[in-house]
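Below you'll find the structure, written out as structure tokens, and then a few comments.
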Amino acid sequence: MPGVTPPVRLRCWTISFFALLTLVHVWWLLFYICYGDILSNIYASDISSKIYLVCVMLDCVLLFTTFAGTLLAMLQDRYRPVWPVLVAILPFLVFGGVFMVCPSELIEQLTNVYLLLLCLLFSVYMVFAIRQYGRWLNDNYADLENKKVWLIQVVSLVCMLMFVLYTLATSWVLIFSIHIVELVLVGLLLWRVETLPELNSLTPDSAPIGEGSEDLPDSSKSTTELSAPLASLKGVGGEALANIEQLMDERCVGGQLYLQHDLSLLQLAQTLGINRFYLSQYFSRQGTTYNAYINDLRIRHFMRLYREAVQNGQTIGAQQLANDSGYRSYSTFSLAFKQRMGKSVTAWMREQAS
């Protein structure tokens with residue numbers, strides 16, 4: 001997407017997954033060409049059965065690891081290592097090695113059950129991780145468009161279902177159908193990766209008190225002047241919150257910083273000259289989130305602009321007013337407006353016009 005720079009780590013994992021996915025199809029094609037006459041007896045004690053089992057284990061280990069790494073890299077609230085996935089998949093390799101030495105139907109069933117259980121546990125983990133990531137987005141970003149990644153959970157669940165079907169499949173029609181769905185999922189994953197912007201996931205302590213930004217608008221007051229009331233604070237007490245509230249009224253509300261597209265909590269904290277942790281605590285004490293606070297200011301601004309336009313007899317589209325109120329996307333504005341007002345934008349505008 002033009003103007004979007006995806007995280008480098010995410011792109012690396014995705015490239016690895018796509019490359020291995022391609023290689024998997026290549027080596028299975030070569031296997032079918034070389035050993036197609038003995039596929040019906042994979043438990044035979046000759047070299048072909050061992051090659052078959054090695055291909056299966058490489059399939060599961062490499063694809064599962066790179067796919068998990070891709071999904072985890074999309075969650076930018078914190079760094080999530082992939083080594084636990086490798087550790088969790090080691091028993092599968094042990095089961096596979098035992099099966100190669102002593103072929104047994106029981107060992108085969110245990111291997112399949114363990115792999116399915118591993119996929120299920122990873123999907124459950126992803127549900128909680130995405131919920132945590134969503135809370136982080138609400139606490140740090142006002143514009144959530146192209147930042148949410150709930151779609152990757154759907155992709156992971158569909159992939160797990162495909163794996164189950166592929167394992168149990170006995171019909172070539174079903175197998176080819178699964179591969180067609182696979183192509184769709186690959187396209188969907190590629191789209192999600194290339195439209196996901198790199199987000200700032202600094203820890204609360206990484207933005208020290210007094211850190212400012214010279215690039216942001218409305219910098220008539222120096223960072224030193226703004227951060228002076230908070231420079232000696234050890235925690236977030238009542239006095240600190242009062243100082244933050246005063247700065248918010250002066251700079252964010254009075255200076256209309258909320259009209260800036262893609263304004264993040266970190267940018268706002270830098271402009272105010274305070275620690276982002278203190279600012280986050282301020283919203284938490286107010287019983288709201290950064291996203292809800294900024295959206296409330298933007299919607300109020302939109303309503304004020306529309307009422308002024310009606311009074312002056314002007315005809316201005318809602319999309320233009322939404323853009324003037326800080327929204328890059330009208331769909332994002334429409335959803336936020338309905339959540340706050342309990343009615344659609346058009347319904348509210350009809351009420352005002354009458």
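Letters A, B, ... mark the chains of the structure tokens in the order given; residue numbers begin at 1 per chain; ligand numbers begin at 1, in order shown.
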
Exercise for the section: Name the residues in contact with segment 71-80 of chain A at a cut-off of 10 Å, using only C-alpha atoms, excluding same-chain residues fewer than 4 positions from it; report them as a VMD selection string. Expected result: chain A and resid 6 to 14 66 to 67 84 126 129 to 130 132 to 137 140 147 to 149 152 to 153 155 to 156 189 192 to 193 196 to 203

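Computed from the coordinates, the atom CA of Val24 of chain A to atom CA of Asp59 of chain A distance equals 6.5 Å.
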
Exercise for the section: Write out as a list in words each polymer residue whose atoms come within 12 Å of Tyr114 of chain A, counting only C-alpha atoms; drop sequence neighbours fewer than 6 positions from it. Expected result: Cys60, Ala88, Ile89, Leu90, Pro91, Phe92, Leu93, Val94, Phe95, Gly96, Ile107, Glu108, Leu120 and Leu121 of chain A

Take the residues just selected and output them with N, CA, C and O atoms as an mmCIF file, in the first residue's frame.
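Once everything was written out, this is out-v8.cif:
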data_model
loop_
_atom_site.group_PDB
_atom_site.id
_atom_site.type_symbol
_atom_site.label_atom_id
_atom_site.label_comp_id
_atom_site.auth_asym_id
_atom_site.auth_seq_id
_atom_site.Cartn_x
_atom_site.Cartn_y
_atom_site.Cartn_z
ATOM 1 N N CYS A 60 5.694 -30.193 8.564
ATOM 2 C CA CYS A 60 5.050 -29.718 9.793
ATOM 3 C C CYS A 60 5.929 -28.743 10.568
ATOM 4 O O CYS A 60 5.470 -27.695 11.010
ATOM 5 N N ALA A 88 8.059 -26.456 21.628
ATOM 6 C CA ALA A 88 6.807 -27.211 21.688
ATOM 7 C C ALA A 88 6.708 -28.261 20.592
ATOM 8 O O ALA A 88 5.997 -29.268 20.755
ATOM 9 N N ILE A 89 7.415 -28.050 19.488
ATOM 10 C CA ILE A 89 7.313 -28.992 18.366
ATOM 11 C C ILE A 89 8.344 -30.118 18.457
ATOM 12 O O ILE A 89 8.286 -31.075 17.680
ATOM 13 N N LEU A 90 9.257 -30.033 19.414
ATOM 14 C CA LEU A 90 10.271 -31.081 19.568
ATOM 15 C C LEU A 90 9.665 -32.464 19.839
ATOM 16 O O LEU A 90 10.133 -33.462 19.270
ATOM 17 N N PRO A 91 8.637 -32.579 20.726
ATOM 18 C CA PRO A 91 8.040 -33.913 20.919
ATOM 19 C C PRO A 91 7.517 -34.534 19.630
ATOM 20 O O PRO A 91 7.551 -35.761 19.463
ATOM 21 N N PHE A 92 7.035 -33.693 18.704
ATOM 22 C CA PHE A 92 6.573 -34.216 17.414
ATOM 23 C C PHE A 92 7.723 -34.878 16.666
ATOM 24 O O PHE A 92 7.564 -35.942 16.053
ATOM 25 N N LEU A 93 8.903 -34.252 16.716
ATOM 26 C CA LEU A 93 10.073 -34.843 16.072
ATOM 27 C C LEU A 93 10.470 -36.158 16.745
ATOM 28 O O LEU A 93 10.894 -37.111 16.082
ATOM 29 N N VAL A 94 10.327 -36.188 18.073
ATOM 30 C CA VAL A 94 10.651 -37.423 18.801
ATOM 31 C C VAL A 94 9.700 -38.540 18.383
ATOM 32 O O VAL A 94 10.120 -39.668 18.102
ATOM 33 N N PHE A 95 8.390 -38.220 18.331
ATOM 34 C CA PHE A 95 7.407 -39.216 17.890
ATOM 35 C C PHE A 95 7.736 -39.702 16.472
ATOM 36 O O PHE A 95 7.657 -40.903 16.169
ATOM 37 N N GLY A 96 8.107 -38.745 15.596
ATOM 38 C CA GLY A 96 8.432 -39.124 14.226
ATOM 39 C C GLY A 96 9.654 -40.009 14.154
ATOM 40 O O GLY A 96 9.698 -40.977 13.378
ATOM 41 N N ILE A 107 1.700 -45.124 17.655
ATOM 42 C CA ILE A 107 2.615 -43.977 17.615
ATOM 43 C C ILE A 107 2.137 -42.966 16.571
ATOM 44 O O ILE A 107 2.205 -41.748 16.785
ATOM 45 N N GLU A 108 1.643 -43.456 15.451
ATOM 46 C CA GLU A 108 1.130 -42.559 14.411
ATOM 47 C C GLU A 108 -0.043 -41.738 14.941
ATOM 48 O O GLU A 108 -0.122 -40.523 14.719
ATOM 49 N N LEU A 120 -4.208 -26.372 18.202
ATOM 50 C CA LEU A 120 -5.319 -25.850 18.994
ATOM 51 C C LEU A 120 -4.822 -24.908 20.088
ATOM 52 O O LEU A 120 -5.379 -23.819 20.284
ATOM 53 N N LEU A 121 -3.758 -25.300 20.785
ATOM 54 C CA LEU A 121 -3.213 -24.457 21.845
ATOM 55 C C LEU A 121 -2.673 -23.142 21.291
ATOM 56 O O LEU A 121 -2.842 -22.082 21.903
#

Exercise for the section: Skip segment 255-264 of chain A itself and residues of its chain fewer than 6 positions away, then list as JSON, numbers by chain all residues within 6 Å of it, counting only C-alpha atoms. Expected result: {"A": [140, 141, 143, 294, 325, 326]}

Grab the residues selected above and save them as a tab-separated table (two decimals), in the first residue's frame with N, CA, C and O atoms.
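Saved result, result.tsv, follows:
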chain	number	residue	atom	x	y	z
A	140	ASN	N	-3.14	3.46	22.72
A	140	ASN	CA	-2.02	4.19	22.12
A	140	ASN	C	-2.33	4.86	20.78
A	140	ASN	O	-1.56	5.73	20.36
A	141	TYR	N	-3.43	4.49	20.12
A	141	TYR	CA	-3.69	5.03	18.79
A	141	TYR	C	-5.14	5.46	18.66
A	141	TYR	O	-6.05	4.76	19.12
A	143	ASP	N	-6.41	6.33	15.48
A	143	ASP	CA	-6.84	5.78	14.19
A	143	ASP	C	-6.45	4.31	14.15
A	143	ASP	O	-5.27	3.97	14.10
A	294	ILE	N	-9.74	10.72	22.03
A	294	ILE	CA	-9.49	11.45	20.79
A	294	ILE	C	-10.72	11.40	19.89
A	294	ILE	O	-11.11	12.40	19.27
A	325	SER	N	-12.20	16.81	10.54
A	325	SER	CA	-12.26	16.53	11.97
A	325	SER	C	-11.19	15.56	12.43
A	325	SER	O	-11.19	15.12	13.58
A	326	GLY	N	-10.26	15.21	11.53
A	326	GLY	CA	-9.14	14.37	11.92
A	326	GLY	C	-9.20	12.94	11.45
A	326	GLY	O	-8.31	12.15	11.75

Handout entry: Separation of atom CA of Cys34 of chain A from atom CA of Asn112 of chain A in Å
Key = 26.0 Å

Problem - For atom CA of Met248 of chain A and atom CA of Leu272 of chain A, the interatomic separation in Å (one decimal) - result: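 Going from atom CA of Met248 of chain A over to atom CA of Leu272 of chain A, I get 7.7 Å.
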
Fill in the blank from the handout: Counting only C-alpha atoms, the residue among A:Leu165, A:Leu62, A:Met160, A:Leu144 that lies closest to Ala292 of chain A is A:Leu144

Practice task
For Val184 of chain A, please output as a VMD selection string all residues within 12 Å (counting only C-alpha atoms; exclusion window: fewer than 5 positions along the same chain).
Solution key: chain A and resid 155 158 to 159 177 to 179 189 to 191

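For the set A:Asn312, A:Ser49, A:Thr70, A:Thr271, the residue with the smallest atom-to-atom gap to Cys252 of chain A is A:Thr271, counting only C-alpha atoms.
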
Handout entry: Top pick for closest residue to Leu63 of chain A, considering A:Tyr282, A:Leu21, A:Tyr35, A:Trp28 and counting only C-alpha atoms
Key =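 For Leu63 of chain A, the nearest of the candidates is A:Leu21.
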
Problem - alpha helix (DSSP H) per DSSP on the backbone: members of segment 65-309 of chain A, as JSON, numbers by chain - result: {"A": [65, 66, 67, 68, 69, 70, 71, 72, 73, 74, 83, 84, 85, 86, 87, 88, 89, 90, 91, 92, 93, 94, 95, 96, 97, 98, 99, 100, 101, 105, 106, 107, 108, 109, 110, 111, 112, 113, 114, 115, 116, 117, 118, 119, 120, 121, 122, 123, 124, 125, 126, 127, 128, 129, 130, 131, 132, 133, 134, 135, 136, 137, 138, 139, 140, 150, 151, 152, 153, 154, 155, 156, 157, 158, 159, 160, 161, 162, 163, 164, 165, 166, 167, 168, 172, 173, 174, 175, 176, 177, 178, 179, 180, 181, 182, 183, 184, 185, 186, 187, 188, 189, 190, 191, 192, 193, 194, 195, 223, 224, 225, 226, 227, 238, 239, 240, 241, 242, 243, 244, 245, 246, 247, 265, 266, 267, 268, 269, 270, 271, 272, 276, 277, 278, 279, 280, 281, 282, 283, 284, 285, 290, 291, 292, 293, 294, 295, 296, 297, 298, 299, 300, 301, 302, 303, 304, 305, 306, 307, 308, 309]}
